[in-house]
Amino acid sequence: MSKHLLNAAKPASSFGRETFSGCLSCGDQIRHPICPDCIATGYRQWVSKFSDDSSEIMKKLDMFLKGHKKFNGGSLRCVSCGEKKTHLCPYCFTNFLYKITKEAGVGVRVLSEFLFIFNFDFEHEGYSRELEFFGGY
Ligand SMILES: [Zn+2]
Ligand SMILES: [Zn+2]
């Protein structure tokens, strides 16, 4: 491989090593930087609306966020809160939220509401297919 090709493969120099802009989960460039905390805030409000006992879901959510705190600071700036803690793309994080919602056995109506509100599956390659399966919006 020539020197020229090696240089071309490097990321743009404006991104330092500490501002890796890819998603830690899927490795893709994050094109819609919204941090997990901001999405989780909306999610918590939504969950408390339909469930009297959402403690299981909240426990899983808190554990997830706690486990990812160490990545804060060295990632993309969130468009919502302005803090540099967007280390996951909204798709991967809402995919996790979808999973824990589903595990809680909330039923199809609530799940399709989730998909309607938190639909970050921009390319429609993942969980939004289930929305179509449910009858869609
Ligand atoms: Zn991702
Ligand atoms: Zn944020």
# chains A, B, ... in the order shown; residues from 1 in each chain; ligands from 1

$ select_by_dssp --residues "stretch 12-114 of chain A" --states "helix (DSSP H, G or I)" --output "JSON, numbers by chain"
{"A": [17, 18, 19, 36, 37, 38, 39, 40, 41, 42, 43, 44, 45, 46, 47, 48, 49, 50, 55, 56, 57, 58, 59, 60, 61, 62, 63, 64, 65, 66, 67, 68, 69, 70, 71, 90, 91, 92, 93, 94, 95, 96, 97, 98, 99, 100, 101, 102, 103, 108, 109, 110, 111, 112, 113, 114]}

$ residues_around --residues "stretch 42-50 of chain A" --least-positions-apart "4" --cutoff "9 Å" --atoms "only C-alpha atoms" --output "list in words"
Asp37, Cys38, Ser54, Ile57, Met58, Leu97, Thr101, Val106, Val110, Phe114 and Phe118 of chain A

$ write_last_selection --atoms "N, CA, C and O atoms" --output "PDB file, in the first residue's frame"
ATOM      1  N   ASP A  37     -28.323  10.187  28.034  1.00  0.00           N
ATOM      2  CA  ASP A  37     -29.006  10.826  29.155  1.00  0.00           C
ATOM      3  C   ASP A  37     -30.241  11.603  28.695  1.00  0.00           C
ATOM      4  O   ASP A  37     -31.286  11.560  29.340  1.00  0.00           O
ATOM      5  N   CYS A  38     -30.106  12.334  27.597  1.00  0.00           N
ATOM      6  CA  CYS A  38     -31.231  13.141  27.117  1.00  0.00           C
ATOM      7  C   CYS A  38     -32.360  12.237  26.621  1.00  0.00           C
ATOM      8  O   CYS A  38     -33.533  12.509  26.877  1.00  0.00           O
ATOM      9  N   SER A  54     -42.615   0.498  37.040  1.00  0.00           N
ATOM     10  CA  SER A  54     -41.575   0.502  36.018  1.00  0.00           C
ATOM     11  C   SER A  54     -40.198   0.364  36.653  1.00  0.00           C
ATOM     12  O   SER A  54     -39.193   0.659  36.032  1.00  0.00           O
ATOM     13  N   ILE A  57     -37.628  -1.777  34.733  1.00  0.00           N
ATOM     14  CA  ILE A  57     -37.100  -1.066  33.561  1.00  0.00           C
ATOM     15  C   ILE A  57     -36.098  -0.005  33.996  1.00  0.00           C
ATOM     16  O   ILE A  57     -35.011   0.117  33.441  1.00  0.00           O
ATOM     17  N   MET A  58     -36.469   0.749  35.037  1.00  0.00           N
ATOM     18  CA  MET A  58     -35.601   1.833  35.512  1.00  0.00           C
ATOM     19  C   MET A  58     -34.265   1.291  36.017  1.00  0.00           C
ATOM     20  O   MET A  58     -33.225   1.897  35.833  1.00  0.00           O
ATOM     21  N   LEU A  97     -33.341   0.484  24.719  1.00  0.00           N
ATOM     22  CA  LEU A  97     -34.594   0.843  25.407  1.00  0.00           C
ATOM     23  C   LEU A  97     -35.753  -0.025  24.925  1.00  0.00           C
ATOM     24  O   LEU A  97     -36.598  -0.459  25.708  1.00  0.00           O
ATOM     25  N   THR A 101     -38.011  -2.509  27.242  1.00  0.00           N
ATOM     26  CA  THR A 101     -39.460  -2.280  27.256  1.00  0.00           C
ATOM     27  C   THR A 101     -40.180  -3.574  26.911  1.00  0.00           C
ATOM     28  O   THR A 101     -41.152  -3.968  27.562  1.00  0.00           O
ATOM     29  N   VAL A 106     -44.857  -5.367  28.071  1.00  0.00           N
ATOM     30  CA  VAL A 106     -45.833  -4.277  28.056  1.00  0.00           C
ATOM     31  C   VAL A 106     -46.949  -4.458  27.026  1.00  0.00           C
ATOM     32  O   VAL A 106     -47.962  -3.770  27.095  1.00  0.00           O
ATOM     33  N   VAL A 110     -48.314  -0.675  23.599  1.00  0.00           N
ATOM     34  CA  VAL A 110     -47.284   0.173  24.208  1.00  0.00           C
ATOM     35  C   VAL A 110     -46.006   0.143  23.378  1.00  0.00           C
ATOM     36  O   VAL A 110     -45.360   1.169  23.155  1.00  0.00           O
ATOM     37  N   PHE A 114     -44.005   3.165  21.650  1.00  0.00           N
ATOM     38  CA  PHE A 114     -42.566   3.400  21.827  1.00  0.00           C
ATOM     39  C   PHE A 114     -41.901   3.657  20.482  1.00  0.00           C
ATOM     40  O   PHE A 114     -41.147   4.607  20.310  1.00  0.00           O
ATOM     41  N   PHE A 118     -39.954   7.042  19.894  1.00  0.00           N
ATOM     42  CA  PHE A 118     -38.492   6.973  19.948  1.00  0.00           C
ATOM     43  C   PHE A 118     -37.932   6.321  18.697  1.00  0.00           C
ATOM     44  O   PHE A 118     -37.053   5.487  18.764  1.00  0.00           O
TER      45      PHE A 118
END

$ residues_near_ligand --ligand "ligand 2" --cutoff "9 Å" --atoms "only C-alpha atoms and all ligand atoms" --output "NGL selection string"
:A and (33-39 or 77-86)

$ atom_distance --atom1 "atom CA of A:Leu24" --atom2 "atom CA of A:Tyr91"
11.7 Å

$ residues_around --residues "A:Gly27" --least-positions-apart "2" --cutoff "12 Å" --atoms "only C-alpha atoms" --output "list of chain:residue names"
A:Phe20, A:Ser21, A:Gly22, A:Cys23, A:Leu24, A:Ser25, A:Gln29, A:Ile30, A:Arg31, A:His87, A:Leu88, A:Cys89, A:Tyr91, A:Cys92

$ atom_distance --atom1 "atom CA of A:Lys69" --atom2 "atom CA of A:Phe93"
13.7 Å

$ closest_residue --among "A:Pro90, A:Gly73, A:Gly67, A:Gly107" --to "ligand 1" --atoms "only C-alpha atoms and all ligand atoms"
A:Pro90
